[in-house]
Each structure stands twice: as structure tokens, then as C-alpha cells.
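Notes to accompany the following structure.
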Amino acid sequence: MSELDLDSILAFAIKLALEAGEKIKAGQENRFASESASQDEKVNSVDLVTEVDKAVEKFIVEKISEAYPDHKFIGEESYDGQQITDEPTWIGSPIDGTTNFIHGFPMVCTSIGLTVKGVPVVGVIYNPFLDQLYSAAKGRGAYLNQKQKLPITGRIKPLASLGQALIATEYGSERSPPALPRKIRAFEKLTAHTDVGGKMVHALRSLGSAAINIALVASGGLDMYWEVGCWPWDVTAGICILYEAGGAAFGGKTSPSTGDVDAGLLAGRKYLLVRGIAPTQSETTLQVQQRFAKEFYDCTE
Ligand code: IPD
């Protein structure tokens with residue numbers, strides 16, 4: 001496999017995400033203008049897909065296969081059980097936050113990532129409604145709107161305890177037992193006074209888009225994002241951006257990341273993303289992140 005030019009791939013992915021964003025906006029205007037806009041259910045009545053998701057994914061696939069005919073693609077709407085391999089593989093969600101898109105809640109984005117050997121090396125998340133573009137390539141840093149380096153200055157401050165954290169999490173679309181009741185018990189433990197070292201977390205947030213949650217952890221606006229049940233296309237771009245912003249990604253309790261995110265973690269469907277935190281005299285940034293991840297899992301499991 002020849003060496004990939006990540007700078008030109010990043011430029012391509014940014015242009016693609018911006019174009020996809022225009023299509024998402026236009027698609028929403030058409031839906032709101034039309035009396036007969038359709039709304040499809042996938043697995044159940046809260047797992048939604050629209051004609052715009054499908055059209056935008058088709059557009060993304062066509063552009064990628066024109067530019068990079070040798071690369072593989074795994075997409076939310078065309079997923080057919082493909083595995084993440086060592087080959088350069090684009091992994092994307094045409095609209096992440098489809099429920100928000102349908103309702104007109106502006107937490108909607110397109111999320112496009114590239115993995116090589118299972119490691120995310122390029123990630124772009126674009127919210128066309130807020131005109132916010134998060135992007136990163138491995139070793140080149142992460143940026144908001146291509147100018148503001150992430151994390152945003154001043155947000156790499158220490159996190160004194162889990163009890164001071166602002167944590168995003170989602171109800172998700174798997175609502176039947178045991179998945180949702182287990183999550184709700186964890187929400188209760190996090191927000192109950194006694195469970196986080198005698199304190200409750202500052203608050204939980206549920207924005208309805210995994211990719212936007214991760215982008216906000218990367219920027220420093222959220223301390224953590226915890227999700228059980230989302231898919232590689234929801235997280236690949238975000239994890240690349242998060243890593244470049246000094247954050248850490250964890251799978252289940254037993255698999256804290258100590259280096260590159262790998263395909264096992266991407267495909268694992270359980271994620272705890274922790275923002276960059278200033279090191280202390282006795283601990284590195286990763287050790288602090290691992291301590292908070294352990295505290296989080298001890299509290300919720
Ligand atoms: C969903 C959103 C949601 C998360 C789900 C995802 P979609 O993606 O990211 O926040 O909880 O797990 O499937 O369906 O809007 O593309």
C-alpha cells in the first residue's frame with residue numbers, strides 16, 4: 001500500500017463534507033415545504049432514515065469512488081456487514097442526528113472518516129445548520145472551521161473530580177430490555193447524590209448526534225461522552241478529531257486505550273470518550289483520563 005497523502009485527503013474530505021452539508025440543508029427545506037415528505041423506519045419506530053440520508057450517502061460514495069477508486073467504504077445506509085480491514089476504508093454517516101433532522105433540531109451533521117489498518121487517520125464532521133466544521137488528520141492537529149485549534153484555548157483545565165463533569169449520553173434507538181433500562185440505571189447513578197464520591201455530576205446532556213457529542217468533547221465543551229449501541233460510522237471521524245485534540249477513547253471497562261484507536265474499539269459499539277485534561281505532577285494526561293474512565297465505570301456498572 002503506497003503512502004497516503006493525508007493533507008490532500010483531508011482537503012478532499014472537508015470539501016465533500018461541506019457539499020454534503022448543502023445537500024442536507026436543501027433536503028430539509030424540501031421536506032418542510034412538502035406535504036408528503038416521507039419518513040422511513042429502519043429497525044424500529046425510533047431508528048429513522050429519510051430519503052435525504054440515502055441521497056447524501058449515494059453522493060458521498062460516488063465522490064469517494066471517483067477520487068479513490070481503490071478505497072473501501074462502510075456507510076450507515078448501505079451497511080451490509082462489512083468489516084473494518086487494514087485497507088484504506090472510509091466510514092461515514094451521511095446524516096448523524098437523523099431524528100433531529102426530521103424535527104428541525106439543529107444538532108445534525110455529516111460525519112466522514114478514513115481508517116488505515118483500522119486506525120482513524122482523517123475525520124471531518126460538519127453541522128450545516130450551525131456552520132461548524134470539525135476536522136483532523138493524524139499528526140496534524142484538530143480544528144474548528146479550519147482556524148480554531150482544538151481544544152479551544154483554556155478548556156484543557158484539570159477536571160477535579162467526576163462529580164464536576166458535564167457528560168453527554170444518549171437514549172439511542174435500542175429501547176428494549178435489557179439495553180435501555182441498564183442505561184437509565186447508569187443515568188440515575190451518575191445524577192444521584194451518593195454515587196459519584198458523594199457528589200452528583202454537574203449534568204447529563206443528550207444532543208441526539210454521536211458525532212457532535214464527540215466533537216464537543218474534542219473542543220472541551222463536554223468532559224465526556226458515553227454511548228452503548230452506536231456504530232463505527234457514528235464515531236470514526238470523531239475519534240480521529242478527539243485524539244488529535246488530546247482526548248482518549250475507551251471501549252468496555254476492560255479495554256482502556258493506551259495508544260492508537262484500533263478496529264476492535266471502533267467496531268465494539270461501546271464508547272467512553274474523555275476530553276484532553278491537563279496532566280498533574282504525579283500523573284500523565286492519559287493516566288488522569290484512565291482514572292476518570294475507571295471512576296465512571298465503577299459508578300455506572
Ligand atoms: C444516531 C445518533 C444518536 C445515537 C445513535 C445513532 P443517526 O445516529 O448518533 O445520537 O445515540 O446510536 O445511531 O441514526 O441519527 O444517524
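Chain labels run A, B, ... following the order of the C-alpha cells; each chain numbers its residues from 1, and ligands are numbered from 1 in the order shown.
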Tell me which protein, DNA and RNA residues are within 10 Å of Ala165 (chain A), counting only C-alpha atoms, leaving out same-chain ones fewer than 3 positions away, and put them as a PyMOL selection string. chain A and resi 159-162+168+190+200-204+222-224+292
Counting only C-alpha atoms and all ligand atoms, which residues of chain A fall within 7 Å of ligand 1, and what is the closest atom pair for each with its distance in Å at one decimal, ordered by chain and rising number, as CSV?
residue,atom,partner,partner_atom_place_in_ligand_line,distance
A:Asp47,CA,ligand 1,14 (O),6.1
A:Leu48,CA,ligand 1,14 (O),6.1
A:Ser93,CA,ligand 1,16 (O),6.2
A:Ile95,CA,ligand 1,16 (O),5.5
A:Asp96,CA,ligand 1,16 (O),3.7
A:Gly97,CA,ligand 1,15 (O),3.3
A:Thr98,CA,ligand 1,15 (O),3.9
A:Thr99,CA,ligand 1,15 (O),5.8
A:Glu170,CA,ligand 1,11 (O),4.7
A:Tyr171,CA,ligand 1,11 (O),6.0
A:Gly172,CA,ligand 1,11 (O),3.7
A:Ser173,CA,ligand 1,5 (C),6.2
A:Leu207,CA,ligand 1,10 (O),6.7
A:Gly208,CA,ligand 1,10 (O),3.7
A:Ser209,CA,ligand 1,10 (O),3.6
A:Ala210,CA,ligand 1,9 (O),3.8
A:Ala211,CA,ligand 1,9 (O),6.3
A:Glu227,CA,ligand 1,11 (O),6.9
A:Gly229,CA,ligand 1,12 (O),5.5
A:Cys230,CA,ligand 1,12 (O),3.7
A:Trp231,CA,ligand 1,13 (O),6.6
A:Asp234,CA,ligand 1,9 (O),5.8
Could you write out that same residue set with N, CA and C atoms as a JSON list (two decimals), in the first residue's frame?
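Contents of part.json, freshly written:
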[["chain", "number", "residue", "atom", "x", "y", "z"],
["A", 47, "ASP", "N", -35.70, 4.28, 15.07],
["A", 47, "ASP", "CA", -34.47, 4.17, 14.29],
["A", 47, "ASP", "C", -34.84, 4.66, 12.88],
["A", 48, "LEU", "N", -34.53, 5.91, 12.58],
["A", 48, "LEU", "CA", -35.13, 6.55, 11.40],
["A", 48, "LEU", "C", -34.12, 6.79, 10.28],
["A", 93, "SER", "N", -21.32, 8.55, 8.13],
["A", 93, "SER", "CA", -22.76, 8.66, 8.33],
["A", 93, "SER", "C", -23.20, 9.91, 7.55],
["A", 95, "ILE", "N", -26.06, 11.52, 7.45],
["A", 95, "ILE", "CA", -26.69, 12.43, 8.42],
["A", 95, "ILE", "C", -26.60, 11.75, 9.78],
["A", 96, "ASP", "N", -25.83, 12.32, 10.68],
["A", 96, "ASP", "CA", -25.83, 11.82, 12.04],
["A", 96, "ASP", "C", -26.69, 12.79, 12.86],
["A", 97, "GLY", "N", -27.75, 12.23, 13.43],
["A", 97, "GLY", "CA", -28.77, 13.08, 14.07],
["A", 97, "GLY", "C", -30.00, 13.12, 13.17],
["A", 98, "THR", "N", -30.36, 11.97, 12.61],
["A", 98, "THR", "CA", -31.49, 11.93, 11.68],
["A", 98, "THR", "C", -32.80, 12.36, 12.36],
["A", 99, "THR", "N", -32.97, 11.94, 13.62],
["A", 99, "THR", "CA", -34.20, 12.33, 14.33],
["A", 99, "THR", "C", -34.25, 13.85, 14.47],
["A", 170, "GLU", "N", -26.72, 9.18, 25.40],
["A", 170, "GLU", "CA", -27.92, 9.14, 24.55],
["A", 170, "GLU", "C", -28.82, 7.97, 24.93],
["A", 171, "TYR", "N", -30.10, 8.14, 24.71],
["A", 171, "TYR", "CA", -31.03, 7.03, 24.90],
["A", 171, "TYR", "C", -30.84, 6.00, 23.77],
["A", 172, "GLY", "N", -30.47, 6.47, 22.56],
["A", 172, "GLY", "CA", -30.24, 5.56, 21.43],
["A", 172, "GLY", "C", -31.54, 4.98, 20.91],
["A", 173, "SER", "N", -31.42, 4.09, 19.92],
["A", 173, "SER", "CA", -32.64, 3.54, 19.32],
["A", 173, "SER", "C", -32.91, 2.10, 19.79],
["A", 207, "LEU", "N", -27.75, 15.19, 23.04],
["A", 207, "LEU", "CA", -27.91, 16.08, 21.87],
["A", 207, "LEU", "C", -28.48, 15.38, 20.65],
["A", 208, "GLY", "N", -28.46, 14.04, 20.64],
["A", 208, "GLY", "CA", -29.05, 13.30, 19.52],
["A", 208, "GLY", "C", -28.12, 13.08, 18.34],
["A", 209, "SER", "N", -26.84, 13.38, 18.52],
["A", 209, "SER", "CA", -25.87, 13.10, 17.45],
["A", 209, "SER", "C", -24.57, 12.67, 18.11],
["A", 210, "ALA", "N", -24.21, 11.42, 17.89],
["A", 210, "ALA", "CA", -22.96, 10.91, 18.48],
["A", 210, "ALA", "C", -21.77, 11.73, 18.01],
["A", 211, "ALA", "N", -21.74, 12.02, 16.71],
["A", 211, "ALA", "CA", -20.57, 12.73, 16.16],
["A", 211, "ALA", "C", -20.43, 14.13, 16.77],
["A", 227, "GLU", "N", -21.53, 6.15, 25.33],
["A", 227, "GLU", "CA", -22.55, 5.59, 24.43],
["A", 227, "GLU", "C", -22.41, 4.07, 24.38],
["A", 229, "GLY", "N", -24.09, 1.19, 21.97],
["A", 229, "GLY", "CA", -25.03, 0.84, 20.90],
["A", 229, "GLY", "C", -24.89, 1.65, 19.63],
["A", 230, "CYS", "N", -23.97, 2.60, 19.56],
["A", 230, "CYS", "CA", -23.84, 3.24, 18.24],
["A", 230, "CYS", "C", -22.78, 2.52, 17.42],
["A", 231, "TRP", "N", -22.55, 2.99, 16.21],
["A", 231, "TRP", "CA", -21.83, 2.23, 15.19],
["A", 231, "TRP", "C", -20.56, 2.94, 14.75],
["A", 234, "ASP", "N", -20.78, 6.35, 13.30],
["A", 234, "ASP", "CA", -21.12, 7.46, 14.20],
["A", 234, "ASP", "C", -19.87, 8.04, 14.86]]
Excluding Leu133 (chain A) and its own-chain neighbours fewer than 6 positions away, which residues fall within 10 Å of it when counting only C-alpha atoms? Please give them as a compact mmCIF listing (two decimals) with N, CA and C atoms, in the first residue's frame.
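Written out: selection_28.txt:
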# COMPACT_ATOMS: atom_id res chain seq x y z
N ILE A 14 -12.92 17.54 3.56
CA ILE A 14 -13.56 18.79 4.00
C ILE A 14 -14.50 19.30 2.90
N ALA A 17 -17.57 17.11 2.80
CA ALA A 17 -18.50 17.33 3.92
C ALA A 17 -19.27 18.64 3.73
N LEU A 18 -18.60 19.66 3.23
CA LEU A 18 -19.29 20.94 3.01
C LEU A 18 -20.38 20.78 1.94
N GLY A 21 -23.19 18.88 3.34
CA GLY A 21 -23.96 19.76 4.24
C GLY A 21 -24.97 20.60 3.46
N CYS A 109 -25.33 16.56 11.60
CA CYS A 109 -24.07 16.72 10.88
C CYS A 109 -23.89 15.60 9.89
N THR A 110 -22.89 15.80 9.03
CA THR A 110 -22.40 14.69 8.23
C THR A 110 -21.05 14.32 8.84
N VAL A 124 -13.79 14.26 9.53
CA VAL A 124 -14.46 15.55 9.29
C VAL A 124 -15.91 15.42 9.73
N ILE A 125 -16.35 16.38 10.54
CA ILE A 125 -17.75 16.44 11.00
C ILE A 125 -18.25 17.83 10.65
N TYR A 126 -19.33 17.92 9.89
CA TYR A 126 -19.84 19.25 9.51
C TYR A 126 -21.30 19.37 9.86
N ASN A 127 -21.61 20.39 10.68
CA ASN A 127 -23.00 20.72 11.01
C ASN A 127 -23.40 21.92 10.14
N TYR A 143 -9.14 20.93 14.28
CA TYR A 143 -9.54 22.33 14.11
C TYR A 143 -11.05 22.47 14.03
N LEU A 144 -11.53 23.65 14.47
CA LEU A 144 -12.91 24.06 14.24
C LEU A 144 -12.87 25.11 13.14
N ASN A 145 -13.67 24.92 12.13
CA ASN A 145 -13.73 25.83 10.97
C ASN A 145 -12.35 26.14 10.39
N GLN A 146 -11.47 25.16 10.45
CA GLN A 146 -10.14 25.17 9.85
C GLN A 146 -9.20 26.23 10.43
N LYS A 147 -9.63 26.94 11.48
CA LYS A 147 -8.80 28.02 12.05
C LYS A 147 -8.54 27.82 13.53
N ALA A 215 -17.37 15.68 18.92
CA ALA A 215 -16.72 16.94 18.52
C ALA A 215 -16.69 17.91 19.70
Taking only region 12-105 of chain A into account, list the residues labelled strand (DSSP E) by DSSP (computed from the backbone), as a list in words.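 Residues of region 12-105 of chain A classed as strand (DSSP E): Asp40, Glu41, Leu48, Val49, Lys72, Phe73, Ile74, Gly75, Thr89, Trp90, Ile91, Gly92, Ser93, Pro94, Ile95 and Asp96 of chain A.
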Just write the chosen residues, N, CA and C atoms, as a PDB file, in the first residue's frame.
ATOM      1  N   ASP A  40     -38.972   7.146   6.939  1.00  0.00           N
ATOM      2  CA  ASP A  40     -38.910   5.688   6.998  1.00  0.00           C
ATOM      3  C   ASP A  40     -38.379   5.220   8.335  1.00  0.00           C
ATOM      4  N   GLU A  41     -38.852   4.059   8.736  1.00  0.00           N
ATOM      5  CA  GLU A  41     -38.318   3.426   9.932  1.00  0.00           C
ATOM      6  C   GLU A  41     -37.373   2.317   9.492  1.00  0.00           C
ATOM      7  N   LEU A  48     -34.531   5.912  12.576  1.00  0.00           N
ATOM      8  CA  LEU A  48     -35.126   6.555  11.404  1.00  0.00           C
ATOM      9  C   LEU A  48     -34.117   6.791  10.282  1.00  0.00           C
ATOM     10  N   VAL A  49     -34.626   6.778   9.065  1.00  0.00           N
ATOM     11  CA  VAL A  49     -33.818   7.135   7.899  1.00  0.00           C
ATOM     12  C   VAL A  49     -34.739   7.887   6.941  1.00  0.00           C
ATOM     13  N   LYS A  72     -11.989   1.343   0.243  1.00  0.00           N
ATOM     14  CA  LYS A  72     -13.275   0.722   0.608  1.00  0.00           C
ATOM     15  C   LYS A  72     -14.161   1.772   1.282  1.00  0.00           C
ATOM     16  N   PHE A  73     -15.444   1.442   1.393  1.00  0.00           N
ATOM     17  CA  PHE A  73     -16.386   2.375   2.031  1.00  0.00           C
ATOM     18  C   PHE A  73     -17.361   1.592   2.904  1.00  0.00           C
ATOM     19  N   ILE A  74     -17.548   2.044   4.132  1.00  0.00           N
ATOM     20  CA  ILE A  74     -18.595   1.484   5.001  1.00  0.00           C
ATOM     21  C   ILE A  74     -19.498   2.645   5.400  1.00  0.00           C
ATOM     22  N   GLY A  75     -20.757   2.568   4.999  1.00  0.00           N
ATOM     23  CA  GLY A  75     -21.664   3.691   5.261  1.00  0.00           C
ATOM     24  C   GLY A  75     -22.906   3.219   5.986  1.00  0.00           C
ATOM     25  N   THR A  89     -10.129   2.649   4.388  1.00  0.00           N
ATOM     26  CA  THR A  89     -11.591   2.466   4.421  1.00  0.00           C
ATOM     27  C   THR A  89     -12.261   3.741   4.922  1.00  0.00           C
ATOM     28  N   TRP A  90     -13.121   4.296   4.088  1.00  0.00           N
ATOM     29  CA  TRP A  90     -13.919   5.450   4.502  1.00  0.00           C
ATOM     30  C   TRP A  90     -15.118   4.925   5.280  1.00  0.00           C
ATOM     31  N   ILE A  91     -15.382   5.579   6.417  1.00  0.00           N
ATOM     32  CA  ILE A  91     -16.502   5.141   7.255  1.00  0.00           C
ATOM     33  C   ILE A  91     -17.328   6.388   7.553  1.00  0.00           C
ATOM     34  N   GLY A  92     -18.586   6.385   7.132  1.00  0.00           N
ATOM     35  CA  GLY A  92     -19.315   7.643   7.265  1.00  0.00           C
ATOM     36  C   GLY A  92     -20.793   7.495   7.532  1.00  0.00           C
ATOM     37  N   SER A  93     -21.317   8.546   8.129  1.00  0.00           N
ATOM     38  CA  SER A  93     -22.763   8.664   8.327  1.00  0.00           C
ATOM     39  C   SER A  93     -23.195   9.909   7.550  1.00  0.00           C
ATOM     40  N   PRO A  94     -24.078   9.752   6.540  1.00  0.00           N
ATOM     41  CA  PRO A  94     -24.449  10.925   5.736  1.00  0.00           C
ATOM     42  C   PRO A  94     -25.140  11.988   6.574  1.00  0.00           C
ATOM     43  N   ILE A  95     -26.059  11.525   7.449  1.00  0.00           N
ATOM     44  CA  ILE A  95     -26.694  12.433   8.419  1.00  0.00           C
ATOM     45  C   ILE A  95     -26.603  11.753   9.779  1.00  0.00           C
ATOM     46  N   ASP A  96     -25.834  12.322  10.676  1.00  0.00           N
ATOM     47  CA  ASP A  96     -25.830  11.823  12.044  1.00  0.00           C
ATOM     48  C   ASP A  96     -26.692  12.788  12.855  1.00  0.00           C
TER      49      ASP A  96
END
Write out as number ranges by chain the set of residues from region 55-187 of chain A that DSSP, computed on the backbone, places in alpha helix (DSSP H). A: 55-67, 98-103, 179-187
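Relative to CA of Ser135 (chain A), CA of Gln28 (chain A) is found at 23.8 Å.
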Neighbours of region 218-221 of chain A within 7 Å (only C-alpha atoms; same-chain residues fewer than 2 positions away dropped), as a PyMOL selection string? chain A and resi 150-152+155-156+214-216+223+241-242+245+247+275
Among the residues A:Ala11, A:Val228, A:Ala55, A:Leu273, the one that comes closest to Glu174 (chain A) [using only C-alpha atoms]: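 When distances to Glu174 (chain A) are compared using only C-alpha atoms, the smallest one comes from A:Val228.
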Ranking A:Gly27, A:Pro158, A:Gly113, A:Pro232 by minimum distance to Leu266 (chain A) and counting only C-alpha atoms, which one comes first? A:Pro232
Write out as an NGL selection string each polymer residue whose atoms come within 10 Å of Glu19 (chain A), counting only C-alpha atoms; drop sequence neighbours fewer than 4 positions from it. :A and (13-15 or 23-24 or 56 or 59-60 or 110 or 126 or 128)
Take CA of Leu272 (chain A) and CA of Glu76 (chain A) and report the distance between them in Å, one decimal.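 If I compute the distance from CA of Leu272 (chain A) to CA of Glu76 (chain A), I get 20.9 Å.
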